[in-house]
>>> print(open('model08.tsv').read())   # TSV, C-alpha atoms
chain	number	residue	atom	x	y	z
A	18	MET	CA	120.64	113.02	93.09
A	19	GLN	CA	118.07	114.91	95.12
A	20	VAL	CA	115.28	113.88	92.74
A	21	LYS	CA	116.24	110.24	93.15
A	22	LYS	CA	116.09	110.60	96.93
A	23	GLU	CA	112.61	112.16	96.75
A	24	ARG	CA	111.29	109.38	94.56
A	25	PHE	CA	112.57	106.69	96.82
A	26	GLU	CA	111.36	108.51	99.94
A	27	ALA	CA	107.83	108.80	98.58
A	28	LEU	CA	107.77	105.06	97.92
A	29	ASP	CA	109.29	104.27	101.31
A	30	ILE	CA	106.73	106.44	103.11
A	31	LEU	CA	103.85	104.79	101.25
A	32	ARG	CA	105.29	101.34	101.91
A	33	GLY	CA	105.69	102.20	105.59
A	34	LEU	CA	102.12	103.45	105.85
A	35	THR	CA	100.95	100.24	104.18
A	36	ILE	CA	102.78	97.94	106.59
A	37	VAL	CA	101.49	99.88	109.62
A	38	ILE	CA	97.90	99.67	108.35
A	39	MET	CA	98.37	95.95	107.74
A	40	ALA	CA	99.42	95.51	111.38
A	41	LEU	CA	96.04	96.90	112.48
A	42	ASP	CA	94.20	94.04	110.80
A	43	HIS	CA	96.54	91.47	112.29
A	44	CYS	CA	95.92	92.94	115.75
A	45	ARG	CA	92.20	92.61	115.10
A	46	HIS	CA	92.79	89.03	114.01
A	47	PHE	CA	94.35	88.11	117.36
A	48	PHE	CA	92.52	90.42	119.76
A	49	ALA	CA	88.96	90.52	118.42
A	50	LEU	CA	86.18	88.23	119.57
A	51	GLY	CA	82.95	87.10	117.93
A	52	PHE	CA	81.79	88.86	114.77
A	53	VAL	CA	84.56	91.49	115.06
A	54	TYR	CA	86.99	88.71	114.25
A	55	LEU	CA	84.93	86.40	112.06
A	56	GLU	CA	82.55	88.66	110.11
A	57	PRO	CA	83.56	92.32	110.45
A	58	THR	CA	82.15	93.20	107.02
A	59	ASN	CA	78.87	91.26	107.26
A	60	VAL	CA	76.25	93.97	106.77
A	61	ASN	CA	73.69	92.03	108.80
A	62	ILE	CA	75.69	92.04	112.06
A	63	THR	CA	78.50	94.60	111.84
A	64	ASN	CA	78.59	98.33	112.62
A	65	LEU	CA	80.47	101.28	111.16
A	66	GLU	CA	83.33	101.15	113.67
A	67	VAL	CA	84.03	97.46	113.15
A	68	PHE	CA	83.49	97.61	109.39
A	69	PHE	CA	85.87	100.51	108.78
A	70	THR	CA	88.50	99.04	111.09
A	71	ARG	CA	88.57	96.08	108.72
A	72	TRP	CA	87.89	98.03	105.52
A	73	ILE	CA	90.79	100.47	105.78
A	74	THR	CA	93.20	97.54	106.05
A	75	HIS	CA	92.03	96.32	102.62
A	76	PHE	CA	94.39	99.01	101.36
A	77	ALA	CA	97.46	97.03	102.41
A	78	ALA	CA	97.60	93.97	100.14
A	79	PRO	CA	97.10	95.59	96.70
A	80	THR	CA	99.34	98.53	97.56
A	81	PHE	CA	102.18	96.39	98.89
A	82	ILE	CA	102.06	93.98	95.94
A	83	PHE	CA	101.88	96.86	93.44
A	84	LEU	CA	104.88	98.50	95.11
A	85	ALA	CA	106.72	95.17	95.04
A	86	GLY	CA	106.30	95.22	91.27
A	87	ILE	CA	107.72	98.75	91.14
A	88	GLY	CA	110.59	97.50	93.31
A	89	LEU	CA	111.38	94.79	90.76
A	90	TYR	CA	111.53	97.45	88.05
A	91	PHE	CA	114.02	99.47	90.09
A	92	ALA	CA	116.10	96.34	90.63
A	93	SER	CA	116.23	95.88	86.85
A	94	GLY	CA	118.26	99.05	86.46
A	95	ARG	CA	121.40	97.48	87.89
A	96	ARG	CA	120.91	93.88	86.74
A	97	THR	CA	120.70	91.95	83.51
A	98	LYS	CA	117.36	90.38	82.67
A	99	SER	CA	118.65	86.98	83.78
A	100	GLU	CA	119.90	88.41	87.07
A	101	LEU	CA	116.55	90.11	87.68
A	102	ALA	CA	114.69	86.89	86.92
A	103	TYR	CA	116.92	85.01	89.35
A	104	LEU	CA	116.30	87.64	92.04
A	105	ALA	CA	112.51	87.58	91.54
A	106	ILE	CA	112.25	83.79	91.43
A	107	SER	CA	114.59	83.19	94.37
A	108	ARG	CA	112.80	85.84	96.44
A	109	GLY	CA	109.49	84.28	95.56
A	110	LEU	CA	110.61	80.80	96.59
A	111	TRP	CA	112.01	82.25	99.82
A	112	LEU	CA	108.70	83.90	100.70
A	113	ILE	CA	106.76	80.70	100.02
A	114	PHE	CA	109.20	78.74	102.18
A	115	LEU	CA	108.78	81.22	105.04
A	116	GLU	CA	104.98	81.14	104.75
A	117	LEU	CA	105.02	77.37	105.10
A	118	THR	CA	107.55	77.27	107.95
A	119	ILE	CA	108.46	79.99	110.43
A	120	VAL	CA	105.63	82.40	109.55
A	121	GLY	CA	103.14	79.55	109.57
A	122	TYR	CA	104.28	78.66	113.08
A	123	PHE	CA	104.08	82.29	114.23
A	124	TRP	CA	100.42	82.41	113.16
A	125	ALA	CA	99.57	79.08	114.82
A	126	PHE	CA	101.91	78.57	117.78
A	127	SER	CA	101.05	74.93	117.16
A	128	PRO	CA	102.43	72.06	115.07
A	129	ASP	CA	99.08	72.14	113.24
A	130	PHE	CA	100.66	74.56	110.77
A	131	ILE	CA	102.51	71.62	109.19
A	132	THR	CA	99.37	69.74	108.13
A	133	HIS	CA	97.17	72.84	107.83
A	134	PRO	CA	99.28	75.40	105.92
A	135	LYS	CA	97.78	78.39	104.17
A	136	VAL	CA	98.19	80.32	100.97
A	137	GLY	CA	98.46	83.69	102.68
A	138	VAL	CA	99.79	87.01	101.50
A	139	LEU	CA	103.45	85.94	101.56
A	140	PHE	CA	102.63	82.88	99.49
A	141	ALA	CA	100.73	85.03	96.97
A	142	ILE	CA	103.57	87.56	96.77
A	143	GLY	CA	106.02	84.70	96.29
A	144	VAL	CA	104.04	83.17	93.42
A	145	SER	CA	103.61	86.64	91.88
A	146	MET	CA	107.35	87.29	92.03
A	147	ILE	CA	108.12	83.94	90.44
A	148	SER	CA	105.57	84.64	87.70
A	149	VAL	CA	106.94	88.12	86.98
A	150	GLY	CA	110.42	86.59	86.96
A	151	PHE	CA	109.33	84.65	83.88
A	152	LEU	CA	107.14	87.38	82.38
A	153	ILE	CA	110.00	89.90	82.14
A	154	TYR	CA	111.37	88.00	79.13
A	155	LEU	CA	108.24	88.93	77.16
A	156	PRO	CA	107.71	92.23	75.32
A	157	LYS	CA	106.27	94.93	77.55
A	158	TYR	CA	102.97	95.08	75.66
A	159	ILE	CA	102.47	91.33	76.16
A	160	ILE	CA	103.12	91.73	79.88
A	161	GLY	CA	100.59	94.55	79.90
A	162	LEU	CA	97.95	92.46	78.15
A	163	ILE	CA	98.49	89.61	80.60
A	164	ALA	CA	98.31	91.93	83.61
A	165	LEU	CA	95.16	93.68	82.40
A	166	SER	CA	93.52	90.36	81.52
A	167	MET	CA	94.19	89.05	85.00
A	168	ILE	CA	92.98	92.17	86.79
A	169	PHE	CA	90.02	93.07	84.55
A	170	GLY	CA	89.01	89.61	83.38
A	171	HIS	CA	89.29	87.26	86.34
A	172	ASN	CA	85.81	88.14	87.63
A	173	LEU	CA	84.45	86.39	84.54
A	174	LEU	CA	85.38	83.21	86.41
A	175	ASP	CA	83.13	83.99	89.39
A	176	SER	CA	80.24	81.89	88.11
A	177	ILE	CA	82.42	78.78	87.67
A	178	THR	CA	82.41	76.32	90.57
A	179	VAL	CA	85.26	74.18	91.81
A	180	ASP	CA	83.16	71.06	91.17
A	181	SER	CA	83.29	71.80	87.44
A	182	PHE	CA	86.90	70.62	87.37
A	183	ASP	CA	86.41	67.30	89.20
A	184	ASN	CA	89.79	66.09	90.48
A	185	PHE	CA	91.52	69.23	89.23
A	186	GLY	CA	89.36	71.64	91.20
A	187	TRP	CA	92.30	72.35	93.52
A	188	ILE	CA	94.08	74.08	90.64
A	189	PHE	CA	91.09	76.39	90.15
A	190	GLN	CA	91.09	77.10	93.88
A	191	LEU	CA	94.72	78.15	93.81
A	192	LEU	CA	94.08	80.39	90.83
A	193	HIS	CA	90.72	81.94	91.66
A	194	ALA	CA	88.47	80.33	94.29
A	195	PRO	CA	89.47	80.62	97.98
A	196	GLY	CA	88.73	77.65	100.18
A	197	THR	CA	90.29	74.53	101.64
A	198	ILE	CA	92.06	71.93	99.52
A	199	VAL	CA	92.02	68.53	101.24
A	200	PHE	CA	94.49	65.73	100.53
A	201	GLY	CA	93.92	63.12	103.22
A	202	ASP	CA	95.03	64.63	106.53
A	203	PHE	CA	96.64	67.56	104.71
A	204	GLU	CA	94.48	70.70	104.40
A	205	LEU	CA	95.69	73.72	102.47
A	206	LEU	CA	93.71	76.89	103.22
A	207	VAL	CA	93.71	79.12	100.14
A	208	ILE	CA	93.16	82.71	101.24
A	209	TYR	CA	94.87	84.60	98.39
A	210	PRO	CA	94.18	82.96	94.99
A	211	PHE	CA	96.93	83.84	92.55
A	212	ILE	CA	95.44	85.28	89.37
A	213	PRO	CA	94.66	88.87	90.40
A	214	TRP	CA	97.84	89.29	92.45
A	215	ILE	CA	100.12	88.21	89.62
A	216	GLY	CA	98.38	90.84	87.52
A	217	VAL	CA	98.84	93.53	90.19
A	218	MET	CA	102.56	92.85	90.55
A	219	ALA	CA	103.07	92.78	86.78
A	220	ALA	CA	101.20	96.10	86.55
A	221	GLY	CA	103.50	97.55	89.23
A	222	TYR	CA	106.53	96.39	87.26
A	223	LEU	CA	105.22	98.13	84.13
A	224	PHE	CA	104.34	101.27	86.12
A	225	GLY	CA	107.90	101.53	87.48
A	226	PRO	CA	109.26	103.83	84.74
A	227	VAL	CA	106.65	106.46	85.71
A	228	VAL	CA	108.35	106.86	89.09
A	229	LYS	CA	111.52	107.96	87.27
A	230	TYR	CA	109.78	110.71	85.32
A	231	GLN	CA	110.54	114.34	86.07
A	232	LYS	CA	108.73	115.31	89.25
A	233	GLN	CA	105.87	117.40	87.87
A	234	ARG	CA	105.20	114.91	85.09
A	235	ARG	CA	105.03	111.89	87.39
A	236	LYS	CA	102.83	113.75	89.89
A	237	LYS	CA	100.33	114.39	87.09
A	238	VAL	CA	100.35	110.69	86.27
A	239	PHE	CA	99.86	109.73	89.93
A	240	LEU	CA	96.95	112.16	90.26
A	241	SER	CA	95.20	111.37	86.98
A	242	PHE	CA	95.58	107.59	87.26
A	243	GLY	CA	94.62	107.63	90.93
A	244	LEU	CA	91.47	109.66	90.40
A	245	GLY	CA	90.66	107.72	87.26
A	246	LEU	CA	90.86	104.34	88.98
A	247	ILE	CA	88.75	105.50	91.93
A	248	ILE	CA	86.05	107.01	89.71
A	249	PHE	CA	86.09	103.95	87.46
A	250	SER	CA	85.70	101.58	90.42
A	251	LEU	CA	82.89	103.61	92.02
A	252	ILE	CA	80.93	103.85	88.75
A	253	LEU	CA	81.38	100.13	88.17
A	254	ARG	CA	80.29	99.44	91.73
A	255	TYR	CA	77.22	101.64	91.42
A	256	THR	CA	76.02	99.75	88.36
A	257	ASN	CA	76.33	96.30	89.98
A	258	LEU	CA	77.06	95.00	86.47
A	259	TYR	CA	80.56	93.58	86.79
A	260	GLY	CA	83.72	93.68	88.82
A	261	ASP	CA	82.61	92.22	92.14
A	262	PRO	CA	80.59	89.06	92.94
A	263	GLN	CA	78.92	90.78	95.91
A	264	ILE	CA	76.23	93.16	94.72
A	265	TRP	CA	75.26	96.06	96.97
A	266	THR	CA	71.78	97.10	97.95
A	267	THR	CA	70.02	99.80	99.95
A	268	TYR	CA	69.20	99.50	103.63
A	269	ILE	CA	67.59	101.50	106.36
A	270	PRO	CA	69.49	103.08	108.09
A	271	PHE	CA	71.83	104.63	105.52
A	272	ASP	CA	75.02	103.50	107.26
A	273	MET	CA	74.17	99.90	106.33
A	274	THR	CA	73.78	101.01	102.70
A	275	LEU	CA	77.22	102.60	102.89
A	276	ILE	CA	78.68	99.37	104.28
A	277	SER	CA	76.98	97.33	101.56
A	278	PHE	CA	78.30	99.64	98.84
A	279	LEU	CA	81.89	99.68	100.12
A	280	ASN	CA	82.04	95.99	100.95
A	281	PHE	CA	84.31	95.05	98.04
A	282	THR	CA	85.41	91.43	97.72
A	283	LYS	CA	89.00	90.76	98.78
A	284	TYR	CA	89.08	86.95	98.42
A	285	PRO	CA	89.68	86.71	95.51
A	286	ALA	CA	90.55	90.37	94.99
A	287	SER	CA	87.84	91.78	92.73
A	288	LEU	CA	88.41	94.27	89.93
A	289	ILE	CA	86.61	96.97	91.92
A	290	TYR	CA	88.63	96.21	95.06
A	291	ILE	CA	91.94	96.37	93.21
A	292	SER	CA	91.07	99.49	91.19
A	293	PHE	CA	89.79	101.45	94.19
A	294	PHE	CA	92.71	100.78	96.51
A	295	ILE	CA	95.43	101.11	93.87
A	296	GLY	CA	93.79	104.43	93.05
A	297	ILE	CA	94.08	105.45	96.71
A	298	ALA	CA	97.73	104.35	96.70
A	299	LEU	CA	98.50	106.51	93.66
A	300	LEU	CA	96.86	109.55	95.24
A	301	LEU	CA	98.98	109.01	98.34
A	302	MET	CA	102.05	108.68	96.13
A	303	PHE	CA	101.09	112.04	94.63
A	304	ALA	CA	100.73	113.54	98.13
A	305	PHE	CA	104.01	112.12	99.43
A	306	ASP	CA	106.08	113.14	96.40
A	307	ARG	CA	107.27	116.39	97.94
A	308	LYS	CA	109.31	117.64	100.86
A	309	LEU	CA	107.65	116.56	104.07
A	310	GLY	CA	108.37	117.19	107.72
A	311	LYS	CA	109.94	114.95	110.30
A	312	TRP	CA	106.55	113.41	111.05
A	313	VAL	CA	106.99	111.02	108.10
A	314	GLU	CA	110.37	109.69	109.26
A	315	PRO	CA	108.84	106.75	111.20
A	316	LEU	CA	106.83	105.74	108.12
A	317	ARG	CA	109.94	106.05	105.97
A	318	ASP	CA	111.92	103.86	108.37
A	319	PHE	CA	109.19	101.22	108.42
A	320	GLY	CA	109.04	101.41	104.64
A	321	GLN	CA	112.75	100.71	104.30
A	322	ALA	CA	112.43	97.54	106.38
A	323	PRO	CA	108.90	96.22	105.72
A	324	PHE	CA	109.70	92.52	105.69
A	325	PHE	CA	111.72	92.82	108.90
A	326	PHE	CA	108.65	94.42	110.51
A	327	TYR	CA	106.36	91.74	109.09
A	328	ILE	CA	108.39	88.82	110.43
A	329	LEU	CA	108.61	90.28	113.94
A	330	HIS	CA	105.12	91.70	114.38
A	331	ILE	CA	103.18	88.44	114.04
A	332	PRO	CA	104.76	86.53	116.97
A	333	LEU	CA	104.75	89.68	119.12
A	334	ILE	CA	101.04	90.28	118.53
A	335	HIS	CA	100.32	86.60	119.11
A	336	ILE	CA	102.18	86.56	122.43
A	337	MET	CA	100.47	89.76	123.55
A	338	ALA	CA	97.06	88.30	122.65
A	339	ILE	CA	97.70	85.13	124.65
A	340	ILE	CA	98.82	87.11	127.70
A	341	PHE	CA	95.78	89.37	127.43
A	342	ALA	CA	93.37	86.45	127.05
A	343	TYR	CA	94.80	84.67	130.09
A	344	THR	CA	94.62	87.91	132.06
A	345	MET	CA	91.00	88.55	131.07
A	346	PHE	CA	89.56	85.05	130.96
A	347	GLY	CA	92.12	82.64	132.40
A	348	GLN	CA	92.21	80.77	129.09
A	349	ALA	CA	93.41	81.23	125.50
A	350	ASP	CA	92.86	77.86	123.82
A	351	TRP	CA	91.48	79.42	120.63
A	352	LEU	CA	94.78	81.24	120.06
A	353	PHE	CA	96.65	78.01	119.37
A	354	GLY	CA	96.14	76.10	116.15
A	355	ALA	CA	95.98	76.41	112.38
A	356	PRO	CA	93.74	78.08	111.61
A	357	LEU	CA	93.03	79.86	114.87
A	358	GLY	CA	89.74	78.85	116.44
A	359	LYS	CA	86.73	80.88	117.48
A	360	ASN	CA	86.63	82.00	121.09
A	361	PRO	CA	83.92	80.51	123.33
A	362	GLU	CA	80.63	82.41	123.04
A	363	VAL	CA	80.59	83.31	126.74
A	364	LEU	CA	83.80	85.32	126.49
A	365	ASN	CA	83.37	89.03	125.84
A	366	TYR	CA	85.44	92.08	126.66
A	367	LEU	CA	84.12	94.40	129.34
A	368	SER	CA	84.09	97.44	127.05
A	369	SER	CA	84.32	98.13	123.32
A	370	GLU	CA	85.44	95.12	121.29
A	371	LEU	CA	87.83	97.35	119.36
A	372	ILE	CA	89.78	98.81	122.29
A	373	PRO	CA	92.15	95.80	122.64
A	374	THR	CA	92.73	95.85	118.89
A	375	TYR	CA	93.72	99.51	118.76
A	376	VAL	CA	95.76	99.45	121.97
A	377	SER	CA	97.71	96.42	120.77
A	378	TRP	CA	98.23	98.07	117.37
A	379	ILE	CA	99.69	101.23	118.86
A	380	THR	CA	101.84	99.14	121.19
A	381	ILE	CA	103.25	96.92	118.45
A	382	VAL	CA	104.07	99.87	116.18
A	383	PHE	CA	105.90	101.55	119.07
A	384	LEU	CA	107.79	98.40	120.06
A	385	LEU	CA	108.99	97.72	116.52
A	386	TYR	CA	109.89	101.27	115.53
A	387	PHE	CA	113.44	101.37	116.86
A	388	PRO	CA	114.37	97.84	115.71
A	389	SER	CA	112.97	98.68	112.26
A	390	LYS	CA	114.86	101.96	112.18
A	391	TRP	CA	118.08	100.13	113.09
A	392	PHE	CA	117.56	97.54	110.37
A	393	ALA	CA	116.66	100.20	107.79
A	394	LYS	CA	119.95	101.99	108.49
A	395	LEU	CA	121.80	98.67	108.28
A	396	LYS	CA	120.35	98.04	104.82
A	397	LEU	CA	121.40	101.51	103.67
A	398	ARG	CA	124.89	101.09	105.11
A	399	ARG	CA	125.62	97.59	103.86
A	400	LYS	CA	124.98	95.80	100.58
A	401	ASP	CA	125.27	92.15	101.64
A	402	TRP	CA	123.33	89.92	99.24
A	403	TRP	CA	121.19	88.41	102.01
A	404	LEU	CA	119.81	91.81	103.00
A	405	SER	CA	117.81	91.91	99.75
A	406	TYR	CA	115.80	88.94	101.06
A	407	LEU	CA	114.76	90.67	104.31
>>> encode(input="model08.tsv", output="structure tokens")
Amino acid sequence: MQVKKERFEALDILRGLTIVIMALDHCRHFFALGFVYLEPTNVNITNLEVFFTRWITHFAAPTFIFLAGIGLYFASGRRTKSELAYLAISRGLWLIFLELTIVGYFWAFSPDFITHPKVGVLFAIGVSMISVGFLIYLPKYIIGLIALSMIFGHNLLDSITVDSFDNFGWIFQLLHAPGTIVFGDFELLVIYPFIPWIGVMAAGYLFGPVVKYQKQRRKKVFLSFGLGLIIFSLILRYTNLYGDPQIWTTYIPFDMTLISFLNFTKYPASLIYISFFIGIALLLMFAFDRKLGKWVEPLRDFGQAPFFFYILHIPLIHIMAIIFAYTMFGQADWLFGAPLGKNPEVLNYLSSELIPTYVSWITIVFLLYFPSKWFAKLKLRRKDWWLSYL
């Protein structure tokens, strides 16, 4: 029983770390102005502080979706295949519904979210869950081939343009090419195309059995796969041959070269991007798979209630950003709408652009810790069916 607890704790801690890191990027989204908000990874205008504030949050999406796949595997242990498929598909539909309704409103604070919805991370997770809900009926090796083809092969589509598909270009956008799909007055902003994320969740589902290995065996797998993926991604990146549509180049000074090299493509998630950050996640899983001190308890609590945290943190950050903007500038028009607008050029913070982002991040994590801890204990104490959807 103790081994089981350790395995789950390591996953909870990693999931908690992921959701906290994700919150940093959302704070930047609402509190940053100018290039810090719009182009934080643009090598021509960014700096190391802004770039790495954005770059470290790239860790969140692939890790969370990979862990969601592992979570589906764990759920399979107490359900029939049909019951697991129902759970995955119903959860997926629920996430898509929330993205298009309450979460969409939280991002916009405007009725614009109805005619200008987005395919964000919840939408992508929802589609991935639905897809895996169907894939589980296939033999494991077929699922593996599909997952690897999606992750390793989707960059072969980079040279294809949406115009190549005429009236069906919107399908290609949903699958691979981010952008806006326009149907009259209805505009769907595709941020997370589906193909790579379905592959990542399917890979997590297949990786699930590793987490149930004997401790020393699974730690070796975490370490070897983690290092292997990182080395693979860095070698692939160095060659500029394949795996990311953005090639890197050298600059003077060196810090711009570093930014260019590490500026992996997230939309759509490139092979290099996915491999590097899943590798980091596996190394962290290796590090967390042991007895740790009380310092990890907040991360564990967040990790046991990640969706609860997600739903609450967006409106709280948004409200804080509006209050701050009115306090600083006497206006906050750009913080209402879907998508959010760009602030007027004349508005700038009096000190570092990143200070409001980091202060708001620390504040939001503190404010949501005790509610998240309460909800995590509720989920452990009760087994109501609806709790599995939150």
>>> residues_around(input="model08.tsv", residues="range 171-183 of chain A", least_positions_apart="3", cutoff="7 Å", atoms="only C-alpha atoms", output="ChimeraX atom specification")
/A:167-168,186,189-190,213,260-262,287
>>> atom_distance(input="model08.tsv", atom1="CA of Thr58 in chain A", atom2="CA of Ala194 in chain A")
19.2 Å
>>> residues_around(input="model08.tsv", residues="range 244-257 of chain A", least_positions_apart="6", cutoff="8 Å", atoms="only C-alpha atoms", output="ChimeraX atom specification")
/A:264-265,278,288-290,292-297,300
>>> residues_near_point(input="model08.tsv", point="(87.8, 78.8, 120.2)", cutoff="8 Å", atoms="only C-alpha atoms", output="mmCIF file with C-alpha atoms, in the coordinates of the input")
data_model
loop_
_atom_site.group_PDB
_atom_site.id
_atom_site.type_symbol
_atom_site.label_atom_id
_atom_site.label_comp_id
_atom_site.auth_asym_id
_atom_site.auth_seq_id
_atom_site.Cartn_x
_atom_site.Cartn_y
_atom_site.Cartn_z
ATOM 1 C CA ASP A 350 92.860 77.860 123.820
ATOM 2 C CA TRP A 351 91.480 79.420 120.630
ATOM 3 C CA LEU A 352 94.780 81.240 120.060
ATOM 4 C CA LEU A 357 93.030 79.860 114.870
ATOM 5 C CA GLY A 358 89.740 78.850 116.440
ATOM 6 C CA LYS A 359 86.730 80.880 117.480
ATOM 7 C CA ASN A 360 86.630 82.000 121.090
ATOM 8 C CA PRO A 361 83.920 80.510 123.330
#
>>> atom_distance(input="model08.tsv", atom1="CA of Ser99 in chain A", atom2="CA of Leu115 in chain A")
24.1 Å
>>> closest_residue(input="model08.tsv", among="A:Thr132, A:Ser166, A:Ser277, A:Ser145", to="Gly109 in chain A", atoms="all atoms listed in the file")
A:Ser145
>>> closest_residue(input="model08.tsv", among="A:Thr274, A:Thr118, A:Ser405, A:Ser369", to="Leu89 in chain A", atoms="all atoms listed in the file")
A:Ser405
>>> residues_around(input="model08.tsv", residues="Ile36 in chain A", least_positions_apart="5", cutoff="12 Å", atoms="only C-alpha atoms", output="PyMOL selection string")
chain A and resi 29-31+41-43+74-82+84+315-328+330+378+381-382+385-386+389
>>> residues_near_point(input="model08.tsv", point="(106.0, 77.5, 106.0)", cutoff="12 Å", atoms="all atoms listed in the file", output="PyMOL selection string")
chain A and resi 110-125+128-137+139-140+205+355
>>> closest_residue(input="model08.tsv", among="A:Ala92, A:Ile198, A:Met273, A:Ile331", to="Asn59 in chain A", atoms="all atoms listed in the file")
A:Met273
>>> closest_residue(input="model08.tsv", among="A:Ile163, A:Val376, A:Val67, A:Leu309", to="Ala338 in chain A", atoms="all atoms listed in the file")
A:Val376
>>> closest_residue(input="model08.tsv", among="A:Ala102, A:Val138, A:Phe126, A:Lys396", to="Met39 in chain A", atoms="only C-alpha atoms")
A:Val138
>>> closest_residue(input="model08.tsv", among="A:Ile276, A:Ala286, A:Leu404, A:Leu55", to="Ala141 in chain A", atoms="only C-alpha atoms")
A:Ala286
>>> atom_distance(input="model08.tsv", atom1="CA of Phe305 in chain A", atom2="CA of Leu104 in chain A")
28.4 Å
>>> residues_around(input="model08.tsv", residues="Cys44 in chain A", least_positions_apart="5", cutoff="7 Å", atoms="only C-alpha atoms", output="MDAnalysis selection string")
chainID A and resid 334 374 377:378
>>> residues_around(input="model08.tsv", residues="Val149 in chain A", least_positions_apart="4", cutoff="8 Å", atoms="all atoms listed in the file", output="count of residues only")
7
